[in-house]
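Undergrad: File my_file28.json follows (JSON, C-alpha atoms):
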```json
[["chain", "number", "residue", "atom", "x", "y", "z"],
["A", 1, "MET", "CA", 185.93, 15.75, 85.42],
["A", 2, "VAL", "CA", 186.96, 19.09, 83.90],
["A", 3, "GLN", "CA", 185.12, 20.66, 80.99],
["A", 4, "SER", "CA", 187.26, 21.26, 77.92],
["A", 5, "ASP", "CA", 189.43, 24.37, 77.91],
["A", 6, "ALA", "CA", 187.20, 25.80, 75.15],
["A", 7, "LYS", "CA", 184.07, 25.35, 77.27],
["A", 8, "LEU", "CA", 185.81, 26.89, 80.29],
["A", 9, "ALA", "CA", 186.98, 29.80, 78.12],
["A", 10, "ALA", "CA", 183.42, 30.41, 76.93],
["A", 11, "LEU", "CA", 182.30, 30.47, 80.56],
["A", 12, "VAL", "CA", 185.16, 32.66, 81.85],
["A", 13, "GLU", "CA", 185.65, 35.13, 78.99],
["A", 14, "PRO", "CA", 182.57, 37.30, 79.72],
["A", 15, "VAL", "CA", 183.75, 37.71, 83.33],
["A", 16, "VAL", "CA", 187.22, 38.77, 82.18],
["A", 17, "LYS", "CA", 185.87, 41.15, 79.52],
["A", 18, "ALA", "CA", 183.56, 42.75, 82.10],
["A", 19, "GLN", "CA", 186.73, 43.79, 83.96],
["A", 20, "ASP", "CA", 188.08, 45.41, 80.74],
["A", 21, "LEU", "CA", 190.69, 42.65, 80.42],
["A", 22, "GLN", "CA", 191.54, 40.04, 77.81],
["A", 23, "LEU", "CA", 191.41, 36.30, 78.43],
["A", 24, "TRP", "CA", 194.84, 35.14, 77.22],
["A", 25, "GLY", "CA", 194.30, 31.45, 77.90],
["A", 26, "ILE", "CA", 193.39, 28.67, 80.31],
["A", 27, "GLU", "CA", 195.40, 25.65, 81.43],
["A", 28, "CYS", "CA", 193.87, 22.71, 83.27],
["A", 29, "LEU", "CA", 196.54, 20.65, 84.99],
["A", 30, "THR", "CA", 196.57, 17.62, 87.25],
["A", 31, "LEU", "CA", 199.75, 17.18, 89.26],
["A", 32, "ASP", "CA", 199.98, 14.58, 92.02],
["A", 33, "GLN", "CA", 196.20, 14.10, 92.08],
["A", 34, "ARG", "CA", 195.72, 17.87, 92.49],
["A", 35, "LYS", "CA", 193.69, 19.74, 89.87],
["A", 36, "THR", "CA", 194.71, 23.28, 89.00],
["A", 37, "VAL", "CA", 192.84, 25.66, 86.73],
["A", 38, "ARG", "CA", 195.19, 28.44, 85.64],
["A", 39, "ILE", "CA", 193.60, 31.47, 83.97],
["A", 40, "TYR", "CA", 195.82, 34.00, 82.22],
["A", 41, "ILE", "CA", 194.52, 37.53, 81.79],
["A", 42, "ASP", "CA", 196.09, 40.39, 79.86],
["A", 43, "HIS", "CA", 195.70, 44.13, 79.23],
["A", 44, "ASN", "CA", 197.59, 46.54, 76.97],
["A", 45, "ASP", "CA", 198.66, 48.54, 80.04],
["A", 46, "GLY", "CA", 199.65, 45.46, 82.03],
["A", 47, "VAL", "CA", 197.86, 43.42, 84.67],
["A", 48, "LYS", "CA", 197.68, 44.53, 88.29],
["A", 49, "LEU", "CA", 197.35, 42.28, 91.32],
["A", 50, "SER", "CA", 193.91, 43.80, 91.93],
["A", 51, "ASP", "CA", 192.86, 42.64, 88.42],
["A", 52, "CYS", "CA", 193.86, 39.07, 89.27],
["A", 53, "GLU", "CA", 192.08, 39.23, 92.62],
["A", 54, "GLU", "CA", 188.84, 40.53, 91.11],
["A", 55, "VAL", "CA", 188.79, 38.01, 88.26],
["A", 56, "SER", "CA", 189.56, 35.24, 90.77],
["A", 57, "ARG", "CA", 186.63, 36.29, 92.97],
["A", 58, "GLN", "CA", 184.24, 36.55, 90.04],
["A", 59, "VAL", "CA", 185.31, 33.25, 88.43],
["A", 60, "SER", "CA", 185.22, 31.45, 91.77],
["A", 61, "SER", "CA", 181.61, 32.57, 92.27],
["A", 62, "LEU", "CA", 180.75, 31.55, 88.72],
["A", 63, "PHE", "CA", 182.33, 28.12, 89.18],
["A", 64, "ASP", "CA", 180.38, 27.65, 92.43],
["A", 65, "VAL", "CA", 177.15, 28.12, 90.45],
["A", 66, "GLU", "CA", 178.06, 26.40, 87.16],
["A", 67, "ASP", "CA", 180.21, 23.62, 88.70],
["A", 68, "PRO", "CA", 182.35, 22.99, 85.59],
["A", 69, "ILE", "CA", 184.99, 21.06, 87.56],
["A", 70, "SER", "CA", 184.16, 18.10, 89.73],
["A", 71, "GLY", "CA", 186.03, 17.59, 92.96],
["A", 72, "GLU", "CA", 188.56, 19.84, 94.58],
["A", 73, "TYR", "CA", 190.75, 22.14, 92.53],
["A", 74, "VAL", "CA", 192.97, 25.20, 92.87],
["A", 75, "LEU", "CA", 192.07, 28.30, 90.87],
["A", 76, "GLU", "CA", 194.98, 30.52, 89.83],
["A", 77, "VAL", "CA", 194.63, 33.83, 87.97],
["A", 78, "SER", "CA", 197.70, 35.66, 86.68],
["A", 79, "SER", "CA", 199.17, 37.63, 83.83],
["A", 80, "PRO", "CA", 200.88, 35.59, 81.10],
["A", 81, "GLY", "CA", 204.22, 37.10, 82.19],
["A", 82, "MET", "CA", 207.35, 37.59, 80.12],
["A", 83, "ASP", "CA", 207.54, 33.89, 79.26],
["A", 84, "ARG", "CA", 203.91, 33.92, 78.20],
["A", 85, "PRO", "CA", 202.39, 30.70, 76.95],
["A", 86, "LEU", "CA", 201.05, 30.62, 73.40],
["A", 87, "PHE", "CA", 197.61, 29.07, 73.06],
["A", 88, "ILE", "CA", 196.07, 30.09, 69.73],
["A", 89, "VAL", "CA", 197.20, 30.94, 66.19],
["A", 90, "GLU", "CA", 196.87, 34.68, 66.90],
["A", 91, "HIS", "CA", 199.38, 34.38, 69.76],
["A", 92, "TYR", "CA", 201.93, 32.76, 67.44],
["A", 93, "LEU", "CA", 201.34, 35.42, 64.79],
["A", 94, "LYS", "CA", 201.90, 38.18, 67.35],
["A", 95, "TYR", "CA", 205.32, 36.76, 68.30],
["A", 96, "VAL", "CA", 206.82, 35.98, 64.89],
["A", 97, "GLY", "CA", 210.53, 36.81, 65.12],
["A", 98, "HIS", "CA", 210.77, 35.92, 68.82],
["A", 99, "VAL", "CA", 212.54, 32.95, 70.38],
["A", 100, "ILE", "CA", 210.12, 30.34, 71.71],
["A", 101, "ASN", "CA", 210.28, 27.00, 73.51],
["A", 102, "VAL", "CA", 208.03, 24.29, 72.10],
["A", 103, "LYS", "CA", 207.10, 20.92, 73.60],
["A", 104, "LEU", "CA", 205.31, 18.50, 71.27],
["A", 105, "ARG", "CA", 202.73, 15.88, 72.21],
["A", 106, "ARG", "CA", 204.72, 13.23, 70.27],
["A", 107, "PRO", "CA", 208.32, 13.19, 69.02],
["A", 108, "PHE", "CA", 209.10, 14.74, 65.65],
["A", 109, "GLU", "CA", 212.40, 13.70, 64.07],
["A", 110, "GLY", "CA", 213.30, 12.02, 67.37],
["A", 111, "ARG", "CA", 212.64, 14.95, 69.68],
["A", 112, "ARG", "CA", 209.78, 16.58, 71.57],
["A", 113, "ARG", "CA", 211.45, 19.83, 72.67],
["A", 114, "PHE", "CA", 212.55, 22.66, 70.42],
["A", 115, "LYS", "CA", 213.92, 26.14, 71.08],
["A", 116, "GLY", "CA", 214.24, 28.51, 68.17],
["A", 117, "ILE", "CA", 213.07, 31.58, 66.33],
["A", 118, "LEU", "CA", 209.42, 31.61, 65.32],
["A", 119, "ARG", "CA", 209.82, 32.47, 61.63],
["A", 120, "ALA", "CA", 206.23, 32.27, 60.37],
["A", 121, "VAL", "CA", 202.76, 30.85, 60.87],
["A", 122, "GLU", "CA", 201.07, 29.40, 57.80],
["A", 123, "ASN", "CA", 198.28, 26.86, 57.29],
["A", 124, "ASP", "CA", 198.06, 26.09, 61.03],
["A", 125, "GLU", "CA", 201.79, 25.28, 61.14],
["A", 126, "VAL", "CA", 204.57, 27.19, 62.84],
["A", 127, "SER", "CA", 207.91, 27.56, 61.14],
["A", 128, "LEU", "CA", 210.64, 27.33, 63.77],
["A", 129, "VAL", "CA", 214.32, 27.89, 62.99],
["A", 130, "VAL", "CA", 216.60, 25.88, 65.30],
["A", 131, "ASP", "CA", 220.37, 26.01, 64.64],
["A", 132, "GLN", "CA", 219.88, 27.01, 60.97],
["A", 133, "HIS", "CA", 217.39, 24.16, 60.42],
["A", 134, "GLU", "CA", 213.75, 25.01, 59.76],
["A", 135, "TYR", "CA", 211.00, 22.83, 61.24],
["A", 136, "PHE", "CA", 207.34, 23.02, 60.26],
["A", 137, "LEU", "CA", 205.28, 21.98, 63.27],
["A", 138, "PRO", "CA", 201.49, 21.65, 63.19],
["A", 139, "ILE", "CA", 199.97, 23.78, 65.94],
["A", 140, "GLU", "CA", 197.71, 20.92, 67.04],
["A", 141, "SER", "CA", 200.82, 18.80, 67.71],
["A", 142, "ILE", "CA", 202.15, 21.39, 70.18],
["A", 143, "GLU", "CA", 201.53, 20.50, 73.81],
["A", 144, "LYS", "CA", 203.03, 23.70, 75.17],
["A", 145, "ALA", "CA", 204.79, 26.76, 73.76],
["A", 146, "ASN", "CA", 206.24, 29.76, 75.57],
["A", 147, "ILE", "CA", 208.06, 32.96, 74.69],
["A", 148, "VAL", "CA", 211.71, 32.97, 75.79],
["A", 149, "PRO", "CA", 212.34, 36.36, 77.43],
["A", 150, "GLN", "CA", 215.19, 38.28, 75.83],
["A", 151, "PHE", "CA", 217.14, 40.77, 77.95],
["A", 152, "GLY", "CA", 219.42, 43.53, 76.70]]
```
Using the file provided, produce a representation of the structure as structure tokens.

TA:
Amino acid sequence: MVQSDAKLAALVEPVVKAQDLQLWGIECLTLDQRKTVRIYIDHNDGVKLSDCEEVSRQVSSLFDVEDPISGEYVLEVSSPGMDRPLFIVEHYLKYVGHVINVKLRRPFEGRRRFKGILRAVENDEVSLVVDQHEYFLPIESIEKANIVPQFG
């Protein structure tokens, strides 16, 4: 069993902050019977490999003591990258005007996947413009959202 992402974040965040980094988010995945805990860290000046290594060491030690995840799992620590996932309202607010990919937990108007411009965030809903049509999607209905990197 894995503790909720919020409980893991409360456990991990002090470790990340102690390294002068920001906890961007945590994903807990199970693929082919394999558990993965993916921790995203961020910093205004970017994230170095040494930052990921140190947070990984510290969190691994913490998890050995606290045992928040039963059974075997893989711990991954990385920067959010250019296609950074969006986890909380503040992330969406920061990227208003950017193109994002959204995957919903359940279909809305016959579809689960959307790609469009994040127009606004209001009342815990994101306004997404897809092909000149505006969708209002509740944040809690979003399974996964990522920034679409724009080049040039």

Undergrad: Please check which residues have atoms at most 12 Å from (214.3, 24.0, 60.3) in the file's coordinates, counting only C-alpha atoms, and write them as a PyMOL selection string.

TA: chain A and resi 108-109+114-120+126-137

Undergrad: Between A:Glu125, A:Asp64, A:Val77, A:Lys48, which is the closest to Gly25 (chain A) once you count only C-alpha atoms?

TA: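 Closest to Gly25 (chain A) of all the choices is A:Val77.
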
Undergrad: For Val74 (chain A), find every residue with an atom within 9 Å (counting only C-alpha atoms), except residues of its own chain fewer than 3 positions away, and show them as a PyMOL selection string.

TA: chain A and resi 34-38

Undergrad: Once you have the residues from the selection above, write them out as a PDB file, in the frame of the given file, restricted to C-alpha atoms.

TA:
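After the write, part31.pdb holds the following:
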```pdb
ATOM      1  CA  ARG A  34     195.720  17.870  92.490  1.00  0.00           C
ATOM      2  CA  LYS A  35     193.690  19.740  89.870  1.00  0.00           C
ATOM      3  CA  THR A  36     194.710  23.280  89.000  1.00  0.00           C
ATOM      4  CA  VAL A  37     192.840  25.660  86.730  1.00  0.00           C
ATOM      5  CA  ARG A  38     195.190  28.440  85.640  1.00  0.00           C
TER       6      ARG A  38
END
```

Undergrad: If we count only C-alpha atoms and set the cut-off at 6 Å, which residues sit around Val102 (chain A), ignoring sequence neighbours fewer than 5 positions away in its own chain? Please answer as number ranges by chain.

TA: A: 113-114, 144-145

Undergrad: From the options A:Asp20, A:Glu13, A:Glu122, A:Glu27, which residue's atoms come nearest to Glu143 (chain A), counting only C-alpha atoms?

TA: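 Among A:Asp20, A:Glu13, A:Glu122, A:Glu27, it is A:Glu27 that comes nearest to Glu143 (chain A).
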
Undergrad: Excluding same-chain residues fewer than 5 positions from Leu86 (chain A), what lies within 7 Å of it counting all atoms listed in the file, as a PDB file with C-alpha atoms, in the frame of the given file?

TA:
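Wrote it out as result05.pdb, contents follow:
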```pdb
ATOM      1  CA  HIS A  91     199.380  34.380  69.760  1.00  0.00           C
ATOM      2  CA  TYR A  92     201.930  32.760  67.440  1.00  0.00           C
ATOM      3  CA  ALA A 145     204.790  26.760  73.760  1.00  0.00           C
ATOM      4  CA  ASN A 146     206.240  29.760  75.570  1.00  0.00           C
TER       5      ASN A 146
END
```

Undergrad: Please report the interatomic distance between CA of Val99 (chain A) and CA of Ile142 (chain A) in Å with one decimal.

TA: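 Here the two named atoms are 15.5 Å from each other.
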
Undergrad: Smallest atom-to-atom distance to Asp51 (chain A): which of A:Ala18, A:Leu75, A:Ala9, A:Ile69, using all atoms listed in the file?

TA: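 Using all atoms listed in the file, the shortest distance to Asp51 (chain A) belongs to A:Ala18.
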
Undergrad: Excluding Ala6 (chain A) and any residue of its chain fewer than 6 positions from it, enumerate the residues within 12 Å of it, using all atoms listed in the file, and give them as a short mmCIF file (atom, residue, chain, number, x, y, z; two decimals) with C-alpha atoms, keeping the file's coordinate frame.

TA:
```cif
data_model
loop_
_atom_site.label_atom_id
_atom_site.label_comp_id
_atom_site.auth_asym_id
_atom_site.auth_seq_id
_atom_site.Cartn_x
_atom_site.Cartn_y
_atom_site.Cartn_z
CA VAL A 12 185.16 32.66 81.85
CA GLU A 13 185.65 35.13 78.99
CA LEU A 23 191.41 36.30 78.43
CA GLY A 25 194.30 31.45 77.90
CA ILE A 26 193.39 28.67 80.31
CA GLU A 27 195.40 25.65 81.43
CA CYS A 28 193.87 22.71 83.27
CA PRO A 68 182.35 22.99 85.59
CA PHE A 87 197.61 29.07 73.06
CA ILE A 88 196.07 30.09 69.73
#
```

Undergrad: As a PDB file, in the frame of the given file, could you write out region 75-102 of chain A once it has been completed with N, CA and C atoms?

TA:
```pdb
ATOM      1  N   LEU A  75     192.258  27.305  91.919  1.00  0.00           N
ATOM      2  CA  LEU A  75     192.070  28.300  90.870  1.00  0.00           C
ATOM      3  C   LEU A  75     193.188  29.327  90.977  1.00  0.00           C
ATOM      4  N   GLU A  76     193.908  29.522  89.879  1.00  0.00           N
ATOM      5  CA  GLU A  76     194.980  30.520  89.830  1.00  0.00           C
ATOM      6  C   GLU A  76     194.654  31.508  88.713  1.00  0.00           C
ATOM      7  N   VAL A  77     194.817  32.798  88.983  1.00  0.00           N
ATOM      8  CA  VAL A  77     194.630  33.830  87.970  1.00  0.00           C
ATOM      9  C   VAL A  77     195.881  34.685  87.965  1.00  0.00           C
ATOM     10  N   SER A  78     196.473  34.860  86.770  1.00  0.00           N
ATOM     11  CA  SER A  78     197.700  35.660  86.680  1.00  0.00           C
ATOM     12  C   SER A  78     197.836  36.260  85.291  1.00  0.00           C
ATOM     13  N   SER A  79     198.826  37.124  85.153  1.00  0.00           N
ATOM     14  CA  SER A  79     199.170  37.630  83.830  1.00  0.00           C
ATOM     15  C   SER A  79     199.967  36.536  83.119  1.00  0.00           C
ATOM     16  N   PRO A  80     200.075  36.595  81.796  1.00  0.00           N
ATOM     17  CA  PRO A  80     200.880  35.590  81.100  1.00  0.00           C
ATOM     18  C   PRO A  80     202.371  35.739  81.383  1.00  0.00           C
ATOM     19  N   GLY A  81     202.814  36.897  81.846  1.00  0.00           N
ATOM     20  CA  GLY A  81     204.220  37.100  82.190  1.00  0.00           C
ATOM     21  C   GLY A  81     205.098  37.255  80.965  1.00  0.00           C
ATOM     22  N   MET A  82     206.386  37.412  81.209  1.00  0.00           N
ATOM     23  CA  MET A  82     207.350  37.590  80.120  1.00  0.00           C
ATOM     24  C   MET A  82     207.534  36.311  79.312  1.00  0.00           C
ATOM     25  N   ASP A  83     207.394  35.168  79.964  1.00  0.00           N
ATOM     26  CA  ASP A  83     207.540  33.890  79.260  1.00  0.00           C
ATOM     27  C   ASP A  83     206.171  33.333  78.874  1.00  0.00           C
ATOM     28  N   ARG A  84     205.311  34.244  78.442  1.00  0.00           N
ATOM     29  CA  ARG A  84     203.910  33.920  78.200  1.00  0.00           C
ATOM     30  C   ARG A  84     203.700  32.677  77.345  1.00  0.00           C
ATOM     31  N   PRO A  85     202.735  31.874  77.747  1.00  0.00           N
ATOM     32  CA  PRO A  85     202.390  30.700  76.950  1.00  0.00           C
ATOM     33  C   PRO A  85     201.629  31.143  75.697  1.00  0.00           C
ATOM     34  N   LEU A  86     201.760  30.358  74.649  1.00  0.00           N
ATOM     35  CA  LEU A  86     201.050  30.620  73.400  1.00  0.00           C
ATOM     36  C   LEU A  86     199.970  29.557  73.247  1.00  0.00           C
ATOM     37  N   PHE A  87     198.733  30.004  73.101  1.00  0.00           N
ATOM     38  CA  PHE A  87     197.610  29.070  73.060  1.00  0.00           C
ATOM     39  C   PHE A  87     196.961  28.952  71.681  1.00  0.00           C
ATOM     40  N   ILE A  88     196.839  30.071  70.974  1.00  0.00           N
ATOM     41  CA  ILE A  88     196.070  30.090  69.730  1.00  0.00           C
ATOM     42  C   ILE A  88     196.910  30.664  68.595  1.00  0.00           C
ATOM     43  N   VAL A  89     196.463  30.483  67.366  1.00  0.00           N
ATOM     44  CA  VAL A  89     197.200  30.940  66.190  1.00  0.00           C
ATOM     45  C   VAL A  89     197.552  32.422  66.307  1.00  0.00           C
ATOM     46  N   GLU A  90     196.624  33.239  66.785  1.00  0.00           N
ATOM     47  CA  GLU A  90     196.870  34.680  66.900  1.00  0.00           C
ATOM     48  C   GLU A  90     198.043  34.983  67.823  1.00  0.00           C
ATOM     49  N   HIS A  91     198.230  34.184  68.863  1.00  0.00           N
ATOM     50  CA  HIS A  91     199.380  34.380  69.760  1.00  0.00           C
ATOM     51  C   HIS A  91     200.681  34.139  69.000  1.00  0.00           C
ATOM     52  N   TYR A  92     200.726  33.055  68.220  1.00  0.00           N
ATOM     53  CA  TYR A  92     201.930  32.760  67.440  1.00  0.00           C
ATOM     54  C   TYR A  92     202.204  33.874  66.440  1.00  0.00           C
ATOM     55  N   LEU A  93     201.168  34.345  65.766  1.00  0.00           N
ATOM     56  CA  LEU A  93     201.340  35.420  64.790  1.00  0.00           C
ATOM     57  C   LEU A  93     201.905  36.689  65.437  1.00  0.00           C
ATOM     58  N   LYS A  94     201.448  36.984  66.636  1.00  0.00           N
ATOM     59  CA  LYS A  94     201.900  38.180  67.350  1.00  0.00           C
ATOM     60  C   LYS A  94     203.391  38.115  67.695  1.00  0.00           C
ATOM     61  N   TYR A  95     203.934  36.913  67.844  1.00  0.00           N
ATOM     62  CA  TYR A  95     205.320  36.760  68.300  1.00  0.00           C
ATOM     63  C   TYR A  95     206.261  36.193  67.240  1.00  0.00           C
ATOM     64  N   VAL A  96     205.901  36.350  65.966  1.00  0.00           N
ATOM     65  CA  VAL A  96     206.820  35.980  64.890  1.00  0.00           C
ATOM     66  C   VAL A  96     208.100  36.805  65.059  1.00  0.00           C
ATOM     67  N   GLY A  97     209.238  36.144  64.946  1.00  0.00           N
ATOM     68  CA  GLY A  97     210.530  36.810  65.120  1.00  0.00           C
ATOM     69  C   GLY A  97     211.106  36.644  66.515  1.00  0.00           C
ATOM     70  N   HIS A  98     210.314  36.143  67.449  1.00  0.00           N
ATOM     71  CA  HIS A  98     210.770  35.920  68.820  1.00  0.00           C
ATOM     72  C   HIS A  98     211.271  34.482  68.998  1.00  0.00           C
ATOM     73  N   VAL A  99     212.082  34.287  70.011  1.00  0.00           N
ATOM     74  CA  VAL A  99     212.540  32.950  70.380  1.00  0.00           C
ATOM     75  C   VAL A  99     211.465  32.308  71.247  1.00  0.00           C
ATOM     76  N   ILE A 100     211.120  31.062  70.924  1.00  0.00           N
ATOM     77  CA  ILE A 100     210.120  30.340  71.710  1.00  0.00           C
ATOM     78  C   ILE A 100     210.631  28.943  72.053  1.00  0.00           C
ATOM     79  N   ASN A 101     210.095  28.403  73.143  1.00  0.00           N
ATOM     80  CA  ASN A 101     210.280  27.000  73.510  1.00  0.00           C
ATOM     81  C   ASN A 101     209.010  26.267  73.108  1.00  0.00           C
ATOM     82  N   VAL A 102     209.171  25.096  72.533  1.00  0.00           N
ATOM     83  CA  VAL A 102     208.030  24.290  72.100  1.00  0.00           C
ATOM     84  C   VAL A 102     208.210  22.874  72.638  1.00  0.00           C
TER      85      VAL A 102
END
```
